[in-house]
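Asker: Take a look at query_12.cif, mmCIF, C-alpha atoms:
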data_data
loop_
_atom_site.group_PDB
_atom_site.id
_atom_site.type_symbol
_atom_site.label_atom_id
_atom_site.label_comp_id
_atom_site.auth_asym_id
_atom_site.auth_seq_id
_atom_site.Cartn_x
_atom_site.Cartn_y
_atom_site.Cartn_z
ATOM 1 C CA MET A 161 45.290 -9.886 21.087
ATOM 2 C CA LEU A 162 48.504 -8.373 19.738
ATOM 3 C CA GLN A 163 48.824 -6.089 22.747
ATOM 4 C CA ASN A 164 48.214 -8.914 25.189
ATOM 5 C CA PRO A 165 49.331 -12.236 23.633
ATOM 6 C CA GLN A 166 49.004 -13.988 26.981
ATOM 7 C CA SER A 167 45.222 -13.593 26.772
ATOM 8 C CA LEU A 168 45.255 -16.153 23.975
ATOM 9 C CA ASN A 169 46.374 -18.784 26.443
ATOM 10 C CA GLU A 170 43.082 -18.309 28.292
ATOM 11 C CA MET A 171 40.937 -18.747 25.149
ATOM 12 C CA THR A 172 40.042 -21.773 23.109
ATOM 13 C CA THR A 173 40.581 -21.794 19.362
ATOM 14 C CA GLU A 174 36.797 -21.594 18.893
ATOM 15 C CA ASP A 175 36.611 -18.486 21.125
ATOM 16 C CA VAL A 176 39.380 -16.749 19.163
ATOM 17 C CA ILE A 177 37.697 -17.457 15.826
ATOM 18 C CA GLU A 178 34.304 -16.341 17.163
ATOM 19 C CA LEU A 179 35.802 -13.086 18.452
ATOM 20 C CA ILE A 180 37.476 -12.327 15.122
ATOM 21 C CA LEU A 181 34.340 -13.088 13.121
ATOM 22 C CA SER A 182 31.987 -11.113 15.382
ATOM 23 C CA THR A 183 34.325 -8.097 15.249
ATOM 24 C CA GLU A 184 34.391 -8.236 11.451
ATOM 25 C CA GLN A 185 30.613 -8.648 11.311
ATOM 26 C CA ASN A 186 30.060 -5.619 13.543
ATOM 27 C CA ASP A 187 32.471 -3.554 11.475
ATOM 28 C CA ARG A 188 30.664 -4.448 8.258
ATOM 29 C CA ALA A 189 27.299 -3.593 9.827
ATOM 30 C CA ILE A 190 28.569 -0.152 10.853
ATOM 31 C CA ARG A 191 29.944 0.507 7.358
ATOM 32 C CA ARG A 192 26.601 -0.513 5.826
ATOM 33 C CA GLN A 193 24.668 1.766 8.189
ATOM 34 C CA LYS A 194 26.855 4.741 7.232
ATOM 35 C CA ALA A 195 26.467 3.967 3.526
ATOM 36 C CA LEU A 196 22.685 3.634 3.774
ATOM 37 C CA LEU A 197 22.380 6.914 5.688
ATOM 38 C CA LYS A 198 24.504 8.724 3.101
ATOM 39 C CA VAL A 199 22.511 7.428 0.131
ATOM 40 C CA SER A 200 19.144 8.030 1.823
ATOM 41 C CA ARG A 201 19.402 11.838 1.582
ATOM 42 C CA ILE A 202 17.568 12.197 4.891
ATOM 43 C CA PRO A 203 17.813 15.961 5.556
ATOM 44 C CA GLU A 204 17.949 15.908 9.371
ATOM 45 C CA LYS A 205 19.730 13.743 11.906
ATOM 46 C CA VAL A 206 17.067 12.761 14.433
ATOM 47 C CA SER A 207 17.051 10.355 17.366
ATOM 48 C CA LEU A 208 14.120 9.141 19.452
ATOM 49 C CA GLY A 209 15.178 11.415 22.317
ATOM 50 C CA ASP A 210 14.699 14.467 20.068
ATOM 51 C CA ILE A 211 10.961 13.864 19.688
ATOM 52 C CA ILE A 212 8.790 16.097 21.886
ATOM 53 C CA HIS A 213 6.140 14.281 23.916
ATOM 54 C CA ASP A 214 3.573 16.584 25.504
ATOM 55 C CA LYS A 215 -0.174 16.800 26.152
ATOM 56 C CA GLU A 216 -0.827 18.609 22.867
ATOM 57 C CA ARG A 217 0.431 15.579 20.968
ATOM 58 C CA GLY A 218 -2.488 13.495 22.213
ATOM 59 C CA ASN A 219 -2.797 10.629 24.661
ATOM 60 C CA ASN A 220 -1.578 7.886 22.316
ATOM 61 C CA PHE A 221 1.326 9.738 20.729
ATOM 62 C CA THR A 222 4.124 8.097 22.745
ATOM 63 C CA LYS A 223 2.629 4.631 22.313
ATOM 64 C CA ASN A 224 2.229 5.150 18.554
ATOM 65 C CA ILE A 225 5.793 6.429 18.109
ATOM 66 C CA ASN A 226 7.242 3.496 20.041
ATOM 67 C CA THR A 227 5.210 1.079 17.924
ATOM 68 C CA LEU A 228 6.387 2.685 14.674
ATOM 69 C CA CYS A 229 10.010 2.655 15.850
ATOM 70 C CA SER A 230 9.853 -1.146 15.904
ATOM 71 C CA LEU A 231 9.759 -0.823 12.074
ATOM 72 C CA ASN A 232 7.342 -3.735 11.758
ATOM 73 C CA PHE A 233 5.442 -1.739 9.158
ATOM 74 C CA VAL A 234 8.596 -1.630 7.013
ATOM 75 C CA LYS A 235 9.203 -5.340 7.514
ATOM 76 C CA ASN A 236 5.617 -6.087 6.439
ATOM 77 C CA GLY A 237 5.540 -3.706 3.475
ATOM 78 C CA ASN A 238 2.879 -1.393 4.957
ATOM 79 C CA ASN A 239 2.597 2.333 4.327
ATOM 80 C CA LEU A 240 2.535 5.137 6.887
ATOM 81 C CA CYS A 241 0.714 8.443 6.375
ATOM 82 C CA ILE A 242 1.765 11.244 8.738
ATOM 83 C CA PHE A 243 -0.779 14.078 8.842
ATOM 84 C CA GLY A 244 -0.478 17.437 10.549
ATOM 85 C CA GLY A 245 -0.343 21.166 10.078
ATOM 86 C CA SER A 246 2.709 23.155 9.061
ATOM 87 C CA GLY A 247 5.425 22.856 11.692
ATOM 88 C CA SER A 248 3.777 19.951 13.502
ATOM 89 C CA GLY A 249 6.859 17.731 13.114
ATOM 90 C CA LYS A 250 5.792 15.475 10.225
ATOM 91 C CA THR A 251 9.121 15.632 8.412
ATOM 92 C CA TYR A 252 11.028 15.328 11.684
ATOM 93 C CA ILE A 253 9.318 12.054 12.563
ATOM 94 C CA ALA A 254 9.761 10.769 9.002
ATOM 95 C CA CYS A 255 13.492 11.508 9.330
ATOM 96 C CA LEU A 256 13.602 9.597 12.615
ATOM 97 C CA LEU A 257 11.955 6.519 11.105
ATOM 98 C CA GLY A 258 14.120 6.726 7.992
ATOM 99 C CA SER A 259 17.283 6.919 10.094
ATOM 100 C CA LEU A 260 16.188 3.937 12.187
ATOM 101 C CA ALA A 261 15.482 1.998 8.999
ATOM 102 C CA CYS A 262 19.037 2.658 7.768
ATOM 103 C CA MET A 263 20.485 1.617 11.126
ATOM 104 C CA ASN A 264 18.557 -1.649 10.829
ATOM 105 C CA GLY A 265 19.846 -2.367 7.332
ATOM 106 C CA TYR A 266 16.871 -1.172 5.251
ATOM 107 C CA SER A 267 17.675 0.803 2.106
ATOM 108 C CA THR A 268 15.913 4.175 2.332
ATOM 109 C CA ARG A 269 15.306 7.194 0.082
ATOM 110 C CA PHE A 270 13.928 10.585 1.146
ATOM 111 C CA TYR A 271 12.358 12.917 -1.438
ATOM 112 C CA ALA A 272 10.224 16.003 -1.562
ATOM 113 C CA THR A 273 7.326 15.012 -3.819
ATOM 114 C CA LYS A 274 8.236 17.260 -6.747
ATOM 115 C CA ASP A 275 11.928 16.288 -6.581
ATOM 116 C CA MET A 276 10.993 12.610 -6.765
ATOM 117 C CA ILE A 277 8.782 13.185 -9.800
ATOM 118 C CA ASN A 278 11.458 15.255 -11.557
ATOM 119 C CA THR A 279 14.050 12.541 -10.950
ATOM 120 C CA LEU A 280 12.012 10.237 -13.178
ATOM 121 C CA LYS A 281 10.589 12.865 -15.520
ATOM 122 C CA ILE A 282 13.974 13.702 -17.044
ATOM 123 C CA ALA A 283 14.384 10.021 -17.921
ATOM 124 C CA LYS A 284 10.858 9.490 -19.303
ATOM 125 C CA GLY A 285 10.782 7.783 -22.681
ATOM 126 C CA SER A 286 14.272 6.272 -22.375
ATOM 127 C CA ASN A 287 15.784 3.073 -20.992
ATOM 128 C CA LEU A 288 16.972 5.138 -18.015
ATOM 129 C CA TYR A 289 13.351 5.526 -16.889
ATOM 130 C CA LYS A 290 12.974 1.779 -16.507
ATOM 131 C CA SER A 291 16.274 1.598 -14.615
ATOM 132 C CA ARG A 292 15.363 4.387 -12.196
ATOM 133 C CA ARG A 293 11.890 2.989 -11.713
ATOM 134 C CA GLU A 294 13.431 -0.358 -10.781
ATOM 135 C CA CYS A 295 15.679 1.405 -8.268
ATOM 136 C CA PHE A 296 12.629 2.971 -6.610
ATOM 137 C CA LYS A 297 10.951 -0.427 -6.556
ATOM 138 C CA ARG A 298 13.861 -2.156 -4.804
ATOM 139 C CA THR A 299 14.291 0.471 -2.069
ATOM 140 C CA SER A 300 12.953 -0.894 1.221
ATOM 141 C CA LEU A 301 11.550 2.428 2.477
ATOM 142 C CA LEU A 302 10.559 5.414 0.339
ATOM 143 C CA ILE A 303 9.771 8.685 2.145
ATOM 144 C CA ILE A 304 7.661 11.223 0.201
ATOM 145 C CA ASP A 305 7.587 14.573 1.968
ATOM 146 C CA ASP A 306 4.892 17.282 1.658
ATOM 147 C CA PHE A 307 2.595 15.264 -0.582
ATOM 148 C CA CYS A 308 0.086 17.444 -2.477
ATOM 149 C CA LEU A 309 1.536 20.624 -0.978
ATOM 150 C CA SER A 310 0.737 22.220 -4.344
ATOM 151 C CA THR A 311 -1.936 21.425 -6.922
ATOM 152 C CA ASP A 312 0.010 21.695 -10.190
ATOM 153 C CA TYR A 313 0.331 18.009 -11.082
ATOM 154 C CA SER A 314 0.362 17.389 -14.821
ATOM 155 C CA ALA A 315 -0.871 14.193 -16.473
ATOM 156 C CA GLU A 316 2.776 13.111 -16.783
ATOM 157 C CA ASP A 317 3.372 13.804 -13.075
ATOM 158 C CA GLN A 318 0.394 11.637 -12.181
ATOM 159 C CA GLU A 319 1.572 8.832 -14.452
ATOM 160 C CA ILE A 320 4.992 8.824 -12.773
ATOM 161 C CA LEU A 321 3.435 8.835 -9.287
ATOM 162 C CA PHE A 322 1.228 5.921 -10.242
ATOM 163 C CA ASP A 323 4.170 3.935 -11.657
ATOM 164 C CA ILE A 324 6.202 4.382 -8.459
ATOM 165 C CA LEU A 325 3.385 3.580 -6.046
ATOM 166 C CA ASN A 326 1.945 0.732 -8.086
ATOM 167 C CA ASP A 327 5.355 -0.947 -8.244
ATOM 168 C CA ARG A 328 5.633 -0.798 -4.455
ATOM 169 C CA TYR A 329 2.029 -1.508 -3.425
ATOM 170 C CA ARG A 330 1.872 -4.328 -0.832
ATOM 171 C CA TYR A 331 5.535 -4.995 -1.603
ATOM 172 C CA LYS A 332 7.618 -2.153 -0.131
ATOM 173 C CA SER A 333 6.839 0.574 2.388
ATOM 174 C CA VAL A 334 6.124 4.243 1.772
ATOM 175 C CA ILE A 335 6.041 7.022 4.359
ATOM 176 C CA VAL A 336 4.130 10.065 3.138
ATOM 177 C CA THR A 337 3.784 13.361 5.025
ATOM 178 C CA SER A 338 0.978 15.763 4.230
ATOM 179 C CA GLN A 339 -1.070 18.647 5.566
ATOM 180 C CA LYS A 340 -4.132 17.364 3.698
ATOM 181 C CA SER A 341 -6.474 14.387 3.859
ATOM 182 C CA PRO A 342 -6.622 11.674 1.158
ATOM 183 C CA ASP A 343 -9.950 13.103 -0.082
ATOM 184 C CA GLN A 344 -8.196 16.389 -0.758
ATOM 185 C CA TRP A 345 -5.327 14.550 -2.474
ATOM 186 C CA VAL A 346 -7.746 13.273 -5.122
ATOM 187 C CA LYS A 347 -8.977 16.822 -5.768
ATOM 188 C CA ASP A 348 -5.463 18.297 -5.873
ATOM 189 C CA LEU A 349 -4.360 15.628 -8.337
ATOM 190 C CA GLY A 350 -7.189 16.616 -10.658
ATOM 191 C CA GLY A 351 -9.971 14.257 -9.627
ATOM 192 C CA THR A 352 -9.076 11.859 -12.439
ATOM 193 C CA THR A 353 -9.244 8.085 -12.472
ATOM 194 C CA ILE A 354 -5.470 7.851 -12.166
ATOM 195 C CA ALA A 355 -5.603 10.318 -9.246
ATOM 196 C CA GLU A 356 -7.966 7.967 -7.427
ATOM 197 C CA ALA A 357 -5.651 5.036 -8.191
ATOM 198 C CA ILE A 358 -2.650 6.935 -6.779
ATOM 199 C CA VAL A 359 -4.453 7.786 -3.552
ATOM 200 C CA GLU A 360 -5.820 4.254 -3.224
ATOM 201 C CA ARG A 361 -2.274 2.870 -3.243
ATOM 202 C CA LEU A 362 -1.126 5.352 -0.618
ATOM 203 C CA ALA A 363 -4.145 5.433 1.670
ATOM 204 C CA ASN A 364 -4.733 1.663 1.779
ATOM 205 C CA ASN A 365 -2.468 -0.985 3.337
ATOM 206 C CA ASN A 366 -1.338 1.748 5.701
ATOM 207 C CA PHE A 367 -1.165 3.178 9.192
ATOM 208 C CA ASP A 368 -2.046 6.804 9.997
ATOM 209 C CA LEU A 369 -0.284 9.080 12.465
ATOM 210 C CA VAL A 370 -2.099 12.370 13.083
ATOM 211 C CA LEU A 371 -0.006 15.048 14.798
ATOM 212 C CA GLU A 372 -1.988 17.389 16.993
ATOM 213 C CA GLY A 373 -0.943 20.664 18.603
ATOM 214 C CA LYS A 374 0.554 23.939 17.464
ATOM 215 C CA SER A 375 3.612 24.458 15.285
ATOM 216 C CA LEU A 376 6.891 23.388 16.870
ATOM 217 C CA ARG A 377 8.918 25.811 14.787
ATOM 218 C CA THR A 378 10.241 28.694 16.840
ATOM 219 C CA SER A 379 11.024 32.257 15.843
ATOM 220 C CA LEU A 380 14.368 33.862 16.591
ATOM 221 C CA THR A 381 14.365 37.069 18.613
ATOM 222 C CA LEU A 382 16.288 39.879 16.970
ATOM 223 C CA PRO A 383 19.160 41.132 19.123
ATOM 224 C CA ASP A 384 18.865 44.548 20.684
ATOM 225 C CA SER A 385 20.395 47.133 18.346
ATOM 226 C CA LYS A 386 21.755 49.154 21.254
#
Translate the structure described by the file into structure tokens.
Answerer:
Amino acid sequence: MLQNPQSLNEMTTEDVIELILSTEQNDRAIRRQKALLKVSRIPEKVSLGDIIHDKERGNNFTKNINTLCSLNFVKNGNNLCIFGGSGSGKTYIACLLGSLACMNGYSTRFYATKDMINTLKIAKGSNLYKSRRECFKRTSLLIIDDFCLSTDYSAEDQEILFDILNDRYRYKSVIVTSQKSPDQWVKDLGGTTIAEAIVERLANNNFDLVLEGKSLRTSLTLPDSK
């Protein structure tokens, strides 16, 4: 408008105000997206075009990805379990969905399972624990990567996992990636009553995405020493 004042003569007052407000609204939305992405700690920048679609992925892979990218499961507070072998792209797809959630205004946090537990463990027994637990509860989308990759979950670890998942159950969404089935989760968590309760809150109220095919990680070829 400053560069071309004559354009104002062609616009009504309502059009000028609408243009100013829409520009400000778009600018605020972009700033919020950048802030949400920064806080989310998503380790990889992924777009839908980066996802590999081939026969090894299965016949319904493309349809399932497109459905998940609508983020209706986040809107409705459902969980998503992504299963697959090492290198199958579980984390990659979780990063894609987390990034899309941020771009659509959903607060998101990405954690490796042990890192998430340790974040709360250091605050256990203090008022800080309640504060951090509330922060986990308010986050729209929580991504837990490599769930039950190991089997060394103490009773305190299980209690923290239960607190986080129970707070969010049927209220906020969780994406969990794992190489193992929910039955194996119960065993890896010790087969206790609280282990069953943890798995019940993850494996119910959820959608499953099973990634088929070989590892997508590639090896680098060493350069010729000649």
Asker: What does the structure give for the distance between CA of Phe367 in chain A and CA of Gly245 in chain A, in Å to one decimal?
Answerer: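 Computing the Euclidean distance for CA of Phe367 in chain A and CA of Gly245 in chain A yields 18.0 Å.
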Asker: Pick out the closest residue to Thr227 in chain A from this set: A:Leu257, A:Val199, A:Ile180, A:Leu325. Count only C-alpha atoms.
Answerer: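 Once distances to Thr227 in chain A are computed over only C-alpha atoms, the minimum belongs to A:Leu257.
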Asker: So how far away is CA of Val336 in chain A from CA of Ala363 in chain A, in Å?
Answerer: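 Computing the Euclidean distance for CA of Ala363 in chain A and CA of Val336 in chain A yields 9.6 Å.
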Asker: Identify, on the basis of only C-alpha atoms, every residue whose closest approach to Tyr271 in chain A does not exceed 9 Å; exclude the query and any residue fewer than 6 positions from it along the same chain; express the result as a VMD selection string.
Answerer: chain A and resid 200 to 202 302 to 305
Asker: Anything within 12 Å of (3.4, 19.0, 13.8): list those residues as a ChimeraX atom specification, counting all atoms listed in the file and sticking to the file's coordinates.
Answerer: /A:211-214,216-218,221,242-254,337-339,369-377
Asker: Can you tell me which residues surround Glu319 in chain A at a distance of at most 10 Å, considering all atoms listed in the file, apart from same-chain residues fewer than 3 positions away, and format the answer as a PyMOL selection string?
Answerer: chain A and resi 277+281+313-316+322-324+354-355+358
